[in-house]
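Q: Submitted below is the structure of interest, expressed as structure tokens.
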Amino acid sequence: MSAQAGSTPRLQVPPAGRPGAGSSLKSPALNSPGARGPPSALTTPSFFHTPPGNNRLPSTIPSRNPLALRLYKVLGANYSDASTREALETLSSFYSPDVAASKTSESGPSATTLGAPVVKEPDRLTRDGVEEEEEEEEQDELWGTEYARKARRKQTEMEQPVDGELALRARKGLRRDIETKLAESSRKFLTAFAEVDKKLDILQVHVAEMQTRCDEAQSKLQATNESCKHLLDRAEGLRSQRQATAARQSIISLFLSRFTLTEEETQAVASRDVPVGPQVFAAMDRIEKIRTDCRVLMSGEEGETKAGLDIMSLTASLLDQAYQKLARWTSFEFRQMGKDASFEVAPVMQEAVLRLRQRPELLNDSLKILTEVRQTTLLSSFLEALTRGGPGGLPRPIELHAHDPTRYVGDMLAWVHQAMAGEREYLESLFGIKGDNRMVGSVRQAKGTEEEEYVAKLMDGSLEKLSMPLRVRVLQTVKSQEGSITAYKIANLLQFYLLTVSRTIGEEALLSKTLKDITDAAYQVFFDTIDAQGRSLLRFLHPPDSDLSPPLALRDSSQVLREIMAVYDSSLLGDEDPTEREAAFAQILEAAVDPAMEMCKRMSELREGMSNWDKALFLVNCTTYMQNMLQTYSFTSAHVTLLQKDVDRHIRTLVTEHSAFFLKESGLEPIVQAMDSKPADTPLSRLPSASSQALTAALTQFDSFLSTLDPSASPRLSLLAVPRLASSIHTDALHQIGRVYGRICDEVKKPENKYEFAGTLLGGRRPFGDMRVLWQILGVDAEDGQY
């Protein structure tokens with residue numbers, strides 16, 4: 001700022017009270033039409049006129065002040081432009097006489113009127129006038145501003161404005177006012193910038209001092225950097241190591257989080273304070289997952305690493321601790337749970353047993369404890385049921401029914417079966433075996449799974465101690481029986497429970513073997529009883545009754561057999577094969593039926609003079625009686641077939657005897673004997689028993705026989721117990737008679753037998769040698785070719 005002030009020409013500020021200050025450029029001639037001068041003065045003042053085409057400033061304008069040069073350039077511009085004219089008119093309005101007068105009147109004689117118009121000489125427009133004005137300004141500065149202001153005010157009061165000089169005075173006043181304002185502003189700027197210059201000097205001093213201090217600090221810093229370069233390098237190396245260590249720490253943290261247990265998981269596995277539950281199972285699952293991931297890690301290209309081996313060793317130890325904890329807990333729970341025969345297995349116990357299956361040795365130890373507890377519990381419960389009964393005496397003790405062998409044995413077997421069912425339900429729940437929607441009483445299908453093997457093994461162990469007291473009591477009851485029906489009921493009951501138990505716990509179980517031994521003993525007692533009854537039937541024999549009906553002993557033994565068959569039929573489950581059912585009962589039929597049939601055969605031979613006809617009738621009656629009794633059940637069909645063969649044999653005998661009787665009664669017997677005994681070269685008519693006279697007599701007797709014959713029945717067959725068989729035998733005998741008559745007719749008609757008038761011989765008596773007539777008389781159907 002000081003440099004600029006020195007280089008810029010000094011501006012003189014006019015005094016505030018100088019005449020002409022605050023005058024307006026716009027004269028009354030510009031505002032009032034009546035006060036206007038010539039038109040040339042109104043449009044463009046003479047001062048502003050410049051030669052056409054020459055807009056440059058007069059050469060007399062001083063060039064030492066740039067502001068003055070700017071003002072003269074503005075004042076010397078072309079004012080033909082409308083906007084410029086408007087601006088000048090507006091500016092002149094501030095310097096009009098009216099405005100000056102109003103300001104003077106308002107401010108009083110002492111008021112300072114800036115730019116008030118004064119009358120000046122025309123020569124003031126020349127350079128001399130400008131110089132005089134500058135001299136006046138210098139005088140103002142010499143004599144003082146106040147004095148100059150008063151002198152200027154008096155001069156202003158004395159001078160009167162003249163039309164045509166307004167523009168000149170306005171121009172001079174404008175210049176003076178602008179220079180005054182500019183000087184005042186410059187003075188203020190100078191004052192302000194002087195302070196700024198002082199501050200800048202002070203700031204410069206401070207900056208120089210700071211520069212010195214910074215240089216010192218820079219030099220010290222450089223010295224420090226030089227001395228600390230090794231430390232910086234070391235720090236950089238440590239920083240790199242720190243980053244690498246942080247990365248390794250992050251990797252190790254992730255590795256440990258994946259391949260190690262938390263403190264809570266470790267406590268759940270190893271501590272006795274944490275009960276067995278979901279927390280322990282979750283920790284075990286976590287260990288298994290760690291081991292699986294570790295196996296995957298060790299299966300990589302690097303193979304087995306020390307970290308992997310350490311992790312596998314640590315997790316194996318923790319997993320063993322977990323399994324030991326589960327084994328101890330299950331053993332304790334089994335000691336408590338084994339005291340109750342029916343209860344629900346908690347899900348925690350199911351999960352524990354399921355996990356212990358991964359350690360069979362630990363599971364077997366725990367299950368061994370369970371088996372021992374259940375053995376003791378079931379044995380004591382069975383003895384209490386035998387001797388004391390249920391709670392409060394209900395149900396009553398089983399041994400109170402020892403007088404009823406069937407109920408006594410049945411109650412004991414039913415209690416064992418109920419205990420077995422409860423044990424199976426408990427063990428199925430323990431091992432998590434789901435039900436197969438099996439209906440109650442239906443056959444249980446063995447699946448052969450590992451769980452089924454565990455269940456069968458545990459049930460065998462739990463029911464093992466029941467075998468001895470059950471064996472003793474059942475055998476004692478069975479061996480004391482003398483009746484075959486009771487013995488068979490007990491044996492069949494044992495057979496049923498043997499089949500049920502074998503399907504439940506397996507044939508190799510001790511209880512199944514015990515029941516099999518008891519069942520075999522019961523059947524042996526039963527067959528011994530049956531054999532004794534058969535021997536008694538053959539020991540006391542008597543001849544048949546006169547009506548040839550089945551003897552009483554046969555009826556009694558058949559009734560016993562009927563009851564035995566009813567018991568056997570009720571014991572069938574319904575899924576047996578028919579062949580198996582027949583084979584299972586075949587031995588009993590042989591032991592019961594064969595002695596009875598042998599008794600009947602021997603009885604038929606006891607009566608003296610008893611004909612074959614009566615023997616056959618008696619045996620048919622006995623055999624059909626036994627056959628009808630056996631036909632009630634399907635499992636006796638094979639033996640019924642065997643009896644039918646005996647019946648057919650006896651029926652053939654009866655048919656033969658009945659036909660012989662008819663031949664004898666009809667008179668055809670001599671003729672038939674002659675035909676059978678005739679030599680081949682001898683005519684039949686030449687035989688005495690078959691001569692024409694003998695043939696005529698036989699045919700006459702045959703006619704009489706046909707007159708008295710009952711085609712539907714024969715009195716000789718009335719003793720046969722089955723009317724159907726009597727009708728069949730009678731019909732077969734009639735067919736036999738018809739065939740004999742037809743044969744005689746054929747022989748008579750043959751020329752080689754030399755019967756004279758054969759047609760007359762045959763046609764003289766019924767049936768006149770016509771077989772159709774004979775079949776009608778006999779009331780039977782004609783045989784093929786017999787017409």
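Every chain in the structure tokens takes a letter, A first, then B, and so on in the order presented; its residues are numbered from 1, and the ligands are numbered from 1 following the presented order.
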Neighbours of A:Leu367 within 9 Å (only C-alpha atoms; same-chain residues fewer than 6 positions away dropped), as a PyMOL selection string?
A: chain A and resi 330-331+334+458
Q: Write a file of the selected residues as a PDB file, in the first residue's frame, keeping N, CA and C atoms.
A:
ATOM      1  N   THR A 330     -26.309 -94.238  33.082  1.00  0.00           N
ATOM      2  CA  THR A 330     -27.299 -95.260  32.712  1.00  0.00           C
ATOM      3  C   THR A 330     -27.306 -96.409  33.716  1.00  0.00           C
ATOM      4  N   SER A 331     -26.155 -96.773  34.239  1.00  0.00           N
ATOM      5  CA  SER A 331     -26.120 -97.846  35.240  1.00  0.00           C
ATOM      6  C   SER A 331     -26.900 -97.438  36.485  1.00  0.00           C
ATOM      7  N   PHE A 334     -30.588 -97.459  35.583  1.00  0.00           N
ATOM      8  CA  PHE A 334     -31.105 -98.812  35.444  1.00  0.00           C
ATOM      9  C   PHE A 334     -31.381 -99.430  36.804  1.00  0.00           C
ATOM     10  N   LEU A 458     -31.786-109.227  26.153  1.00  0.00           N
ATOM     11  CA  LEU A 458     -32.146-108.705  27.471  1.00  0.00           C
ATOM     12  C   LEU A 458     -33.375-109.407  28.037  1.00  0.00           C
TER      13      LEU A 458
END
Q: Name all residues at most 10 Å from A:Ala616 (count only C-alpha atoms; drop same-chain ones fewer than 3 positions away) and give them as an NGL selection string.
A: :A and (548 or 601 or 604 or 611-613 or 619-622 or 647 or 649-654 or 657 or 720)
Q: In Å, how far is it from atom CA of A:Val345 to atom CA of A:Met412?
A: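 Between atom CA of A:Val345 and atom CA of A:Met412 the gap works out to 27.6 Å.
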Q: Give me, as a list in words, all polymer residues having an atom no more than 8 Å from A:Leu538, counting only C-alpha atoms and skipping those fewer than 3 positions away in the same chain.
A: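 Neighbouring residues, sequence-local ones excluded: Gly534, Arg535, Leu541, Pro595, Glu598 and Met599 of chain A.
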Q: What does the distance between atom CA of A:Gln627 and atom CA of A:Val640 come to in Å, to one decimal place?
A: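 Atom-to-atom, atom CA of A:Gln627 to atom CA of A:Val640, that is 5.8 Å.
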Q: Need the shell around stretch 722-735 of chain A: protein/DNA/RNA residues with any atom at most 9 Å away, counting only C-alpha atoms. Skip same-chain ones fewer than 2 positions apart. Format as number ranges by chain?
A: A: 620-621, 624, 651-652, 654-660, 662, 711-714, 717-720, 737-740, 775, 778-783
Q: Please measure the separation of atom CA of A:Ala346 and atom CA of A:Glu333, giving the value in Å to one decimal.
A: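 Separation between atom CA of A:Ala346 and atom CA of A:Glu333: 10.6 Å.
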Q: Need to verify the contact set: stretch 680-683 of chain A, 10 Å, only C-alpha atoms, exclusion of same-chain residues closer than 2 positions in sequence. Can you return it as a PDB file with N, CA and C atoms, in the first residue's frame?
A:
ATOM      1  N   MET A 675     -72.751-172.017 -15.890  1.00  0.00           N
ATOM      2  CA  MET A 675     -72.020-171.214 -16.869  1.00  0.00           C
ATOM      3  C   MET A 675     -70.563-171.046 -16.455  1.00  0.00           C
ATOM      4  N   SER A 677     -68.826-173.176 -14.607  1.00  0.00           N
ATOM      5  CA  SER A 677     -68.103-174.455 -14.572  1.00  0.00           C
ATOM      6  C   SER A 677     -68.209-175.236 -15.871  1.00  0.00           C
ATOM      7  N   LYS A 678     -68.838-174.703 -16.898  1.00  0.00           N
ATOM      8  CA  LYS A 678     -69.068-175.394 -18.170  1.00  0.00           C
ATOM      9  C   LYS A 678     -67.739-175.598 -18.871  1.00  0.00           C
ATOM     10  N   SER A 685     -76.678-176.241 -22.792  1.00  0.00           N
ATOM     11  CA  SER A 685     -77.962-176.949 -22.646  1.00  0.00           C
ATOM     12  C   SER A 685     -77.760-178.419 -22.308  1.00  0.00           C
ATOM     13  N   ARG A 686     -76.546-178.912 -22.522  1.00  0.00           N
ATOM     14  CA  ARG A 686     -76.295-180.310 -22.231  1.00  0.00           C
ATOM     15  C   ARG A 686     -75.993-180.543 -20.759  1.00  0.00           C
ATOM     16  N   LEU A 687     -75.808-179.489 -20.002  1.00  0.00           N
ATOM     17  CA  LEU A 687     -75.553-179.629 -18.573  1.00  0.00           C
ATOM     18  C   LEU A 687     -76.885-179.799 -17.861  1.00  0.00           C
ATOM     19  N   ALA A 690     -78.428-176.747 -16.281  1.00  0.00           N
ATOM     20  CA  ALA A 690     -78.743-175.652 -17.193  1.00  0.00           C
ATOM     21  C   ALA A 690     -79.540-176.134 -18.387  1.00  0.00           C
ATOM     22  N   SER A 691     -80.208-177.272 -18.226  1.00  0.00           N
ATOM     23  CA  SER A 691     -81.038-177.786 -19.310  1.00  0.00           C
ATOM     24  C   SER A 691     -82.245-176.897 -19.501  1.00  0.00           C
ATOM     25  N   GLU A 747     -76.189-166.130 -23.068  1.00  0.00           N
ATOM     26  CA  GLU A 747     -75.757-167.513 -23.233  1.00  0.00           C
ATOM     27  C   GLU A 747     -76.848-168.366 -23.872  1.00  0.00           C
ATOM     28  N   LYS A 750     -77.035-167.870 -27.622  1.00  0.00           N
ATOM     29  CA  LYS A 750     -75.890-168.290 -28.423  1.00  0.00           C
ATOM     30  C   LYS A 750     -76.187-169.659 -29.077  1.00  0.00           C
ATOM     31  N   PRO A 751     -75.893-169.818 -30.351  1.00  0.00           N
ATOM     32  CA  PRO A 751     -76.188-171.102 -31.036  1.00  0.00           C
ATOM     33  C   PRO A 751     -75.351-172.245 -30.497  1.00  0.00           C
ATOM     34  N   GLU A 752     -74.132-171.952 -30.096  1.00  0.00           N
ATOM     35  CA  GLU A 752     -73.291-173.051 -29.676  1.00  0.00           C
ATOM     36  C   GLU A 752     -73.789-173.720 -28.398  1.00  0.00           C
ATOM     37  N   ASN A 753     -74.690-173.004 -27.636  1.00  0.00           N
ATOM     38  CA  ASN A 753     -75.259-173.643 -26.430  1.00  0.00           C
ATOM     39  C   ASN A 753     -76.451-174.549 -26.757  1.00  0.00           C
ATOM     40  N   LYS A 754     -76.973-174.498 -28.036  1.00  0.00           N
ATOM     41  CA  LYS A 754     -77.958-175.443 -28.576  1.00  0.00           C
ATOM     42  C   LYS A 754     -79.249-175.486 -27.762  1.00  0.00           C
ATOM     43  N   TYR A 755     -79.777-174.295 -27.439  1.00  0.00           N
ATOM     44  CA  TYR A 755     -81.095-174.228 -26.812  1.00  0.00           C
ATOM     45  C   TYR A 755     -82.128-174.128 -27.930  1.00  0.00           C
TER      46      TYR A 755
END
